[in-house]
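Worksheet: one structure, shown below.
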Amino acid sequence: MSSKELLDLLNAAIARELQVSIQYMWQHVQWKGVKGFAVSDELKKIAITEMKHAEMIAERLNYLGGTPTTQPDPINVGETLKEMIEQDVKDEEKAIKLYKQIIQKARDLAT
Ligand SMILES: [Fe+2]
C-alpha cells in the first residue's frame with residue numbers, strides 16, 4: 001500500500017464529509033411537519049460538526065502532502081423526514097466502513 005492510496009482514501013473521506021455537511025444543512029432548512037421541527041436544530045448542529053470533520057481531515061491530508069478535494073460526493077437531501085433520516089443512516093454506515101478502512105491502511109503503512 002502506498003501513501004498515495006492513503007491520501008486518496010483521506011480525500012474520499014473529505015468528499016463524504018462535504019456531502020453530509022451540505023445534506024444535513026439543507027435538511028435543516030427544508031424540514032417539514034412537527035417531527036421535522038423537533039430535529040431541525042439538531043440537523044444544523046450536525047451539519048456544522050460534519051464541516052469540522054472535513055476541515056480536520058483536510059488539515060491532515062495537507063500535512064501529508066495531499067491536496068484536499070473541493071468536490072462533495074452526491075448529495076441526497078430527501079423529501080420527507082423519513083427519507084432524510086434513512087439517507088443519513090445509510091451515509092453514516094458508509095462512513096464507518098470507510099474510516100475502518102483508513103485506520104487499517106494507516107496501520108499497514110506504519111508497520
Ligand atoms: Fe463526519
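Residue numbering restarts at 1 in every chain; chains get A, B, ... in the order shown in the C-alpha cells, and ligands count up from 1 in that same order.
Residues surrounding region 4-17 of chain A within 7 Å are Met1, Ser2, Gln19, Val20, Ser21, Glu50, Met51, His53, Ala54, Ile57, Ala58, Leu61, Gly66, Pro68, Thr69, Gln71, Pro72, Asp73, Ile102, Lys105 and Ala106 of chain A [only C-alpha atoms; sequence separation below 2 positions excluded].
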Exercise for the section: Write out as number ranges by chain each polymer residue whose atoms come within 12 Å of Ile46 (chain A), counting only C-alpha atoms; drop sequence neighbours fewer than 5 positions from it. Expected result: A: 17, 20-28, 39-41, 51-53, 88, 92
Could you turn the residues from that selection into a file that holds C-alpha atoms, as a PDB file, in the first residue's frame?
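Result file selection39.pdb:
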ATOM      1  CA  GLU A  17     -17.846  14.926   4.931  1.00  0.00           C
ATOM      2  CA  VAL A  20     -23.139  15.164   4.517  1.00  0.00           C
ATOM      3  CA  SER A  21     -22.408  18.670   5.789  1.00  0.00           C
ATOM      4  CA  ILE A  22     -24.430  20.175   2.930  1.00  0.00           C
ATOM      5  CA  GLN A  23     -27.000  17.388   3.152  1.00  0.00           C
ATOM      6  CA  TYR A  24     -27.692  17.923   6.863  1.00  0.00           C
ATOM      7  CA  MET A  25     -27.751  21.704   6.467  1.00  0.00           C
ATOM      8  CA  TRP A  26     -30.299  21.577   3.632  1.00  0.00           C
ATOM      9  CA  GLN A  27     -32.343  19.060   5.596  1.00  0.00           C
ATOM     10  CA  HIS A  28     -32.290  21.601   8.436  1.00  0.00           C
ATOM     11  CA  VAL A  39     -34.983  17.662  14.755  1.00  0.00           C
ATOM     12  CA  SER A  40     -34.356  20.870  12.805  1.00  0.00           C
ATOM     13  CA  ASP A  41     -31.857  22.387  15.253  1.00  0.00           C
ATOM     14  CA  MET A  51     -17.840  20.536   8.164  1.00  0.00           C
ATOM     15  CA  LYS A  52     -15.406  20.486  11.093  1.00  0.00           C
ATOM     16  CA  HIS A  53     -14.663  16.845  10.293  1.00  0.00           C
ATOM     17  CA  ASP A  88     -28.422   9.863   6.699  1.00  0.00           C
ATOM     18  CA  GLU A  92     -23.190   7.195   8.321  1.00  0.00           C
TER      19      GLU A  92
END
Practice task
Please run DSSP on the backbone and report, as a VMD selection string, all residues within chain A that come out as helix (DSSP H, G or I).
Solution key: chain A and resid 3 to 30 33 to 63 81 to 110
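Between CA of Lys100 (chain A) and CA of Gly65 (chain A) lies a distance of 21.8 Å.
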Handout entry: Option closest in space to ligand 1, from A:Thr49, A:Ile85, A:Thr111, A:Leu98 [counting only C-alpha atoms and all ligand atoms]
Key =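 Distance minimum relative to ligand 1 lands on A:Thr49.
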